[in-house]
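Peer 1: I'd like to ask some things about the structure below.
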Amino acid sequence: MGSGARQTQLADVHTKLRWPLPSGNTDHILVMVPPRLAVGQPAARIPSGGSRVTEQSEKTAGWLDWVKDRGEPAFSLPDGAVDAHCHVFGPAAEFPFSPTRKYTPCDAGKADLRELRGHLGVSRNVIVQATCHGRDNAALLDALDYFGDTARGVVSAGADVTIEQLTAIHERGVRGVRFNFVKRLVQSQPFEELALVADKIRDFGWHFVLYFEPEDLPGLEGTFAGLGVPLVIDHMGRPDVRKGADSEEFSSFLRFVERTNAWVKVSCPERLTEAGPYAVDGQREVYADVVPFARRVIAEFPERTLWGTDWPHPNLRSHMPDDALLLGYIPQIAPTAAEQQALLVTNPMFLYWSSTVA
């Protein structure tokens, strides 16, 4: 950190952000908050990891575009609701996709996200870097600039990222780094970079967002548990809903969550479902086979659960949900007003907008 960095103790809220440090000590955590950038200082960009493509490519065969003609929202979100997991894709003419991408999506830019936000009644967003952009976070950072303090970001970064770059993008609203371990979506799994990046982001109070398949967790959890930064798990660790919410596989995942004090996104029922019903054609009671999993997570970790749309829903094959109908999932997994307030407002505001780390 630069000489102007200041050290801030998390005081009365530190227990909610506790996580095991490499030494195993969780009693006291200090967060180094970087100095604010001078007005007009040019913003740093995280290395892209490759040259940009210069032409828009055809979408991946069978690609399902996000729904533009949405119905009426199936549920009224509380004031201040946060969509804690969404993406921006391009527009490719302005922000081309990575030349090493595994898929080519349709455009889904910041203006489209603004329209979605207004239709659903979302007040804030957490924008997560998608693999189609690789480590070029330009589209995400541009969206953060556009939305201002009503958006936060989770970028993709490697061991070559500098403290100066992290300081610049912290100022623009970034609060985490995503690592994807789903083999069909990435070329390699970044084991060697995890600890190096963790060392760099720890003093900023950032977290890791982790995406993995359930069968891979036994080989990953030891590494994850020793990183010494908070963990946020995408989409409940992608459980196999055919096995049931009381399965040993899902119980093992929840023990990992408890041991690491991880946060969990109870998102993406459209991606996990085997039986539906899908959020299409006016259907308001949706994804019944995924509901027990989310209910169990919320019951066991009510203060560390998050919800997000996953808009624009990349790589779906069975159907494309109407995001307005997808809201019907929320009262199924969080039936009470208190649960809804925690899931949609209190928890994400604490993790992403807490004044102690802003």
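Chain labels run A, B, ... following the order of the structure tokens; each chain numbers its residues from 1, and ligands are numbered from 1 in the order shown.
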Show me, as a CSV table (one decimal) with C-alpha atoms, in the first residue's frame, the residues that have an atom within 8 Å of Met320 of chain A when counting only C-alpha atoms, minus same-chain residues fewer than 5 positions from it.
Peer 2:
chain,number,residue,atom,x,y,z
A,64,LEU,CA,-30.8,-18.2,-26.4
A,65,ASP,CA,-31.2,-14.4,-26.2
A,66,TRP,CA,-32.5,-12.8,-23.0
A,67,VAL,CA,-36.2,-11.9,-23.0
A,280,VAL,CA,-42.1,-18.5,-18.9
A,313,HIS,CA,-28.5,-15.8,-18.3
Peer 1: Skip segment 129-143 of chain A itself and residues of its chain fewer than 5 positions away, then list as a PyMOL selection string all residues within 6 Å of it, counting only C-alpha atoms.
Peer 2: chain A and resi 48-49+95+97-98+101+110+155-157
Peer 1: Using N, CA, C and O atoms, can you export the residues from the last selection as a PDB file, in the first residue's frame?
Peer 2:
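Output (selection33.pdb):
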ATOM      1  N   SER A  48      -5.658  -7.328 -19.958  1.00  0.00           N
ATOM      2  CA  SER A  48      -6.698  -8.103 -20.625  1.00  0.00           C
ATOM      3  C   SER A  48      -6.329  -9.560 -20.785  1.00  0.00           C
ATOM      4  O   SER A  48      -7.184 -10.408 -20.969  1.00  0.00           O
ATOM      5  N   GLY A  49      -5.043  -9.873 -20.789  1.00  0.00           N
ATOM      6  CA  GLY A  49      -4.640 -11.257 -20.987  1.00  0.00           C
ATOM      7  C   GLY A  49      -4.652 -11.675 -22.438  1.00  0.00           C
ATOM      8  O   GLY A  49      -4.525 -12.837 -22.769  1.00  0.00           O
ATOM      9  N   PHE A  95     -17.046  -3.031 -26.851  1.00  0.00           N
ATOM     10  CA  PHE A  95     -16.248  -3.845 -25.942  1.00  0.00           C
ATOM     11  C   PHE A  95     -16.201  -5.274 -26.489  1.00  0.00           C
ATOM     12  O   PHE A  95     -16.991  -6.126 -26.076  1.00  0.00           O
ATOM     13  N   PHE A  97     -15.482  -9.174 -27.388  1.00  0.00           N
ATOM     14  CA  PHE A  97     -15.309 -10.323 -26.516  1.00  0.00           C
ATOM     15  C   PHE A  97     -13.887 -10.863 -26.621  1.00  0.00           C
ATOM     16  O   PHE A  97     -13.160 -10.603 -27.583  1.00  0.00           O
ATOM     17  N   SER A  98     -13.500 -11.633 -25.621  1.00  0.00           N
ATOM     18  CA  SER A  98     -12.145 -12.177 -25.560  1.00  0.00           C
ATOM     19  C   SER A  98     -11.887 -13.140 -26.719  1.00  0.00           C
ATOM     20  O   SER A  98     -12.745 -13.956 -27.055  1.00  0.00           O
ATOM     21  N   ARG A 101     -12.415 -16.797 -25.623  1.00  0.00           N
ATOM     22  CA  ARG A 101     -13.695 -17.147 -25.007  1.00  0.00           C
ATOM     23  C   ARG A 101     -14.152 -18.534 -25.433  1.00  0.00           C
ATOM     24  O   ARG A 101     -13.821 -19.011 -26.518  1.00  0.00           O
ATOM     25  N   LYS A 110     -24.953  -1.956 -20.694  1.00  0.00           N
ATOM     26  CA  LYS A 110     -25.373  -1.196 -19.513  1.00  0.00           C
ATOM     27  C   LYS A 110     -26.763  -0.594 -19.693  1.00  0.00           C
ATOM     28  O   LYS A 110     -27.544  -0.538 -18.729  1.00  0.00           O
ATOM     29  N   VAL A 155     -14.495  -8.338 -10.566  1.00  0.00           N
ATOM     30  CA  VAL A 155     -13.707  -8.434 -11.788  1.00  0.00           C
ATOM     31  C   VAL A 155     -13.018  -9.788 -11.904  1.00  0.00           C
ATOM     32  O   VAL A 155     -13.022 -10.598 -10.972  1.00  0.00           O
ATOM     33  N   SER A 156     -12.401  -9.991 -13.052  1.00  0.00           N
ATOM     34  CA  SER A 156     -11.477 -11.100 -13.250  1.00  0.00           C
ATOM     35  C   SER A 156     -10.069 -10.530 -13.283  1.00  0.00           C
ATOM     36  O   SER A 156      -9.809  -9.543 -13.980  1.00  0.00           O
ATOM     37  N   ALA A 157      -9.164 -11.120 -12.514  1.00  0.00           N
ATOM     38  CA  ALA A 157      -7.802 -10.606 -12.430  1.00  0.00           C
ATOM     39  C   ALA A 157      -6.848 -11.750 -12.113  1.00  0.00           C
ATOM     40  O   ALA A 157      -7.250 -12.774 -11.557  1.00  0.00           O
TER      41      ALA A 157
END
Peer 1: Which one of A:Trp263, A:Phe224, A:Phe293, A:Pro277 sits closest to Ser251 of chain A if you count only C-alpha atoms?
Peer 2: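 The shortest atom-to-atom distance to Ser251 of chain A comes from A:Phe293.
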Peer 1: Name the residues in contact with Arg172 of chain A at a cut-off of 10 Å, using only C-alpha atoms, excluding same-chain residues fewer than 6 positions from it; report them as a count of residues only.
Peer 2: 13
Peer 1: May I ask which of the residues A:Arg255, A:Gly109, A:His319, A:Thr100 is the closest one to Asp281 of chain A, counting only C-alpha atoms?
Peer 2: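 Checking each candidate against Asp281 of chain A, we get A:His319 as the closest.
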Peer 1: DSSP on the backbone, helix (DSSP H, G or I) only: what residues of segment 262-304 of chain A does that give? Format it as a PDB file with N, CA, C and O atoms, in the first residue's frame.
Peer 2:
ATOM      1  N   PRO A 269     -31.910 -20.617 -10.234  1.00  0.00           N
ATOM      2  CA  PRO A 269     -32.742 -21.821 -10.278  1.00  0.00           C
ATOM      3  C   PRO A 269     -33.001 -22.286 -11.704  1.00  0.00           C
ATOM      4  O   PRO A 269     -33.163 -23.486 -11.949  1.00  0.00           O
ATOM      5  N   GLU A 270     -33.020 -21.341 -12.656  1.00  0.00           N
ATOM      6  CA  GLU A 270     -33.234 -21.706 -14.060  1.00  0.00           C
ATOM      7  C   GLU A 270     -32.086 -22.533 -14.619  1.00  0.00           C
ATOM      8  O   GLU A 270     -32.252 -23.281 -15.589  1.00  0.00           O
ATOM      9  N   ARG A 271     -30.921 -22.422 -13.987  1.00  0.00           N
ATOM     10  CA  ARG A 271     -29.751 -23.172 -14.425  1.00  0.00           C
ATOM     11  C   ARG A 271     -29.654 -24.532 -13.728  1.00  0.00           C
ATOM     12  O   ARG A 271     -29.033 -25.465 -14.254  1.00  0.00           O
ATOM     13  N   LEU A 272     -30.261 -24.641 -12.561  1.00  0.00           N
ATOM     14  CA  LEU A 272     -30.142 -25.847 -11.750  1.00  0.00           C
ATOM     15  C   LEU A 272     -31.310 -26.804 -11.908  1.00  0.00           C
ATOM     16  O   LEU A 272     -31.184 -27.996 -11.630  1.00  0.00           O
ATOM     17  N   VAL A 291     -36.170 -24.982  -4.944  1.00  0.00           N
ATOM     18  CA  VAL A 291     -36.581 -24.239  -3.752  1.00  0.00           C
ATOM     19  C   VAL A 291     -36.063 -24.862  -2.449  1.00  0.00           C
ATOM     20  O   VAL A 291     -35.553 -24.137  -1.579  1.00  0.00           O
ATOM     21  N   PRO A 292     -36.142 -26.186  -2.233  1.00  0.00           N
ATOM     22  CA  PRO A 292     -35.667 -26.732  -0.949  1.00  0.00           C
ATOM     23  C   PRO A 292     -34.192 -26.468  -0.677  1.00  0.00           C
ATOM     24  O   PRO A 292     -33.793 -26.327   0.493  1.00  0.00           O
ATOM     25  N   PHE A 293     -33.390 -26.389  -1.718  1.00  0.00           N
ATOM     26  CA  PHE A 293     -31.966 -26.111  -1.536  1.00  0.00           C
ATOM     27  C   PHE A 293     -31.769 -24.682  -1.017  1.00  0.00           C
ATOM     28  O   PHE A 293     -31.026 -24.456  -0.055  1.00  0.00           O
ATOM     29  N   ALA A 294     -32.430 -23.738  -1.670  1.00  0.00           N
ATOM     30  CA  ALA A 294     -32.316 -22.351  -1.235  1.00  0.00           C
ATOM     31  C   ALA A 294     -32.901 -22.152   0.160  1.00  0.00           C
ATOM     32  O   ALA A 294     -32.342 -21.406   0.983  1.00  0.00           O
ATOM     33  N   ARG A 295     -34.019 -22.828   0.449  1.00  0.00           N
ATOM     34  CA  ARG A 295     -34.612 -22.701   1.775  1.00  0.00           C
ATOM     35  C   ARG A 295     -33.643 -23.187   2.847  1.00  0.00           C
ATOM     36  O   ARG A 295     -33.523 -22.579   3.918  1.00  0.00           O
ATOM     37  N   ARG A 296     -32.953 -24.274   2.578  1.00  0.00           N
ATOM     38  CA  ARG A 296     -32.011 -24.796   3.575  1.00  0.00           C
ATOM     39  C   ARG A 296     -30.845 -23.832   3.782  1.00  0.00           C
ATOM     40  O   ARG A 296     -30.426 -23.602   4.929  1.00  0.00           O
ATOM     41  N   VAL A 297     -30.321 -23.256   2.704  1.00  0.00           N
ATOM     42  CA  VAL A 297     -29.226 -22.297   2.843  1.00  0.00           C
ATOM     43  C   VAL A 297     -29.671 -21.093   3.661  1.00  0.00           C
ATOM     44  O   VAL A 297     -28.969 -20.643   4.583  1.00  0.00           O
ATOM     45  N   ILE A 298     -30.839 -20.548   3.340  1.00  0.00           N
ATOM     46  CA  ILE A 298     -31.329 -19.361   4.058  1.00  0.00           C
ATOM     47  C   ILE A 298     -31.585 -19.678   5.525  1.00  0.00           C
ATOM     48  O   ILE A 298     -31.293 -18.865   6.408  1.00  0.00           O
ATOM     49  N   ALA A 299     -32.105 -20.870   5.802  1.00  0.00           N
ATOM     50  CA  ALA A 299     -32.374 -21.251   7.190  1.00  0.00           C
ATOM     51  C   ALA A 299     -31.077 -21.368   7.995  1.00  0.00           C
ATOM     52  O   ALA A 299     -31.024 -20.983   9.172  1.00  0.00           O
ATOM     53  N   GLU A 300     -30.019 -21.892   7.383  1.00  0.00           N
ATOM     54  CA  GLU A 300     -28.777 -22.123   8.117  1.00  0.00           C
ATOM     55  C   GLU A 300     -27.865 -20.897   8.155  1.00  0.00           C
ATOM     56  O   GLU A 300     -27.096 -20.724   9.101  1.00  0.00           O
TER      57      GLU A 300
END
Peer 1: Which residue, A:Leu306, A:Leu326, A:Ala225, A:Val257, has the smallest gap to Ala288 of chain A when you use only C-alpha atoms?
Peer 2: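 Among A:Leu306, A:Leu326, A:Ala225, A:Val257, it is A:Leu326 that comes nearest to Ala288 of chain A.
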Peer 1: Give me the residues near Pro348 of chain A as a PyMOL selection string, where near means some atom within 9 Å (using only C-alpha atoms) and where sequence neighbours in that chain fewer than 5 positions away do not count.
Peer 2: chain A and resi 81-84+126+304-307+342-343+353
Peer 1: Please produce a file of those selected residues containing N, CA and C atoms, as a compact mmCIF listing (two decimals), in the first residue's frame.
Peer 2:
# COMPACT_ATOMS: atom_id res chain seq x y z
N ALA A 81 -33.83 -2.98 -2.99
CA ALA A 81 -33.42 -4.34 -3.35
C ALA A 81 -32.18 -4.33 -4.25
N VAL A 82 -31.31 -5.30 -4.00
CA VAL A 82 -30.05 -5.44 -4.73
C VAL A 82 -30.07 -6.73 -5.55
N ASP A 83 -29.79 -6.60 -6.83
CA ASP A 83 -29.51 -7.76 -7.68
C ASP A 83 -28.01 -8.01 -7.56
N ALA A 84 -27.64 -9.02 -6.79
CA ALA A 84 -26.24 -9.23 -6.42
C ALA A 84 -25.47 -10.12 -7.38
N VAL A 126 -24.90 -5.72 -8.46
CA VAL A 126 -23.52 -6.16 -8.41
C VAL A 126 -23.24 -6.84 -9.74
N ARG A 304 -25.87 -14.51 5.59
CA ARG A 304 -24.83 -14.60 4.58
C ARG A 304 -25.38 -15.15 3.26
N THR A 305 -26.62 -14.85 2.95
CA THR A 305 -27.21 -15.26 1.68
C THR A 305 -27.47 -14.03 0.81
N LEU A 306 -27.33 -14.23 -0.50
CA LEU A 306 -27.52 -13.18 -1.49
C LEU A 306 -28.38 -13.72 -2.63
N TRP A 307 -29.04 -12.81 -3.34
CA TRP A 307 -29.85 -13.21 -4.49
C TRP A 307 -29.43 -12.37 -5.70
N ALA A 342 -33.65 -9.29 4.51
CA ALA A 342 -32.26 -9.71 4.71
C ALA A 342 -31.63 -10.13 3.40
N LEU A 343 -32.31 -10.97 2.65
CA LEU A 343 -31.77 -11.52 1.41
C LEU A 343 -31.53 -10.45 0.36
N TRP A 353 -21.76 -2.35 0.30
CA TRP A 353 -21.86 -0.91 0.52
C TRP A 353 -21.57 -0.50 1.96
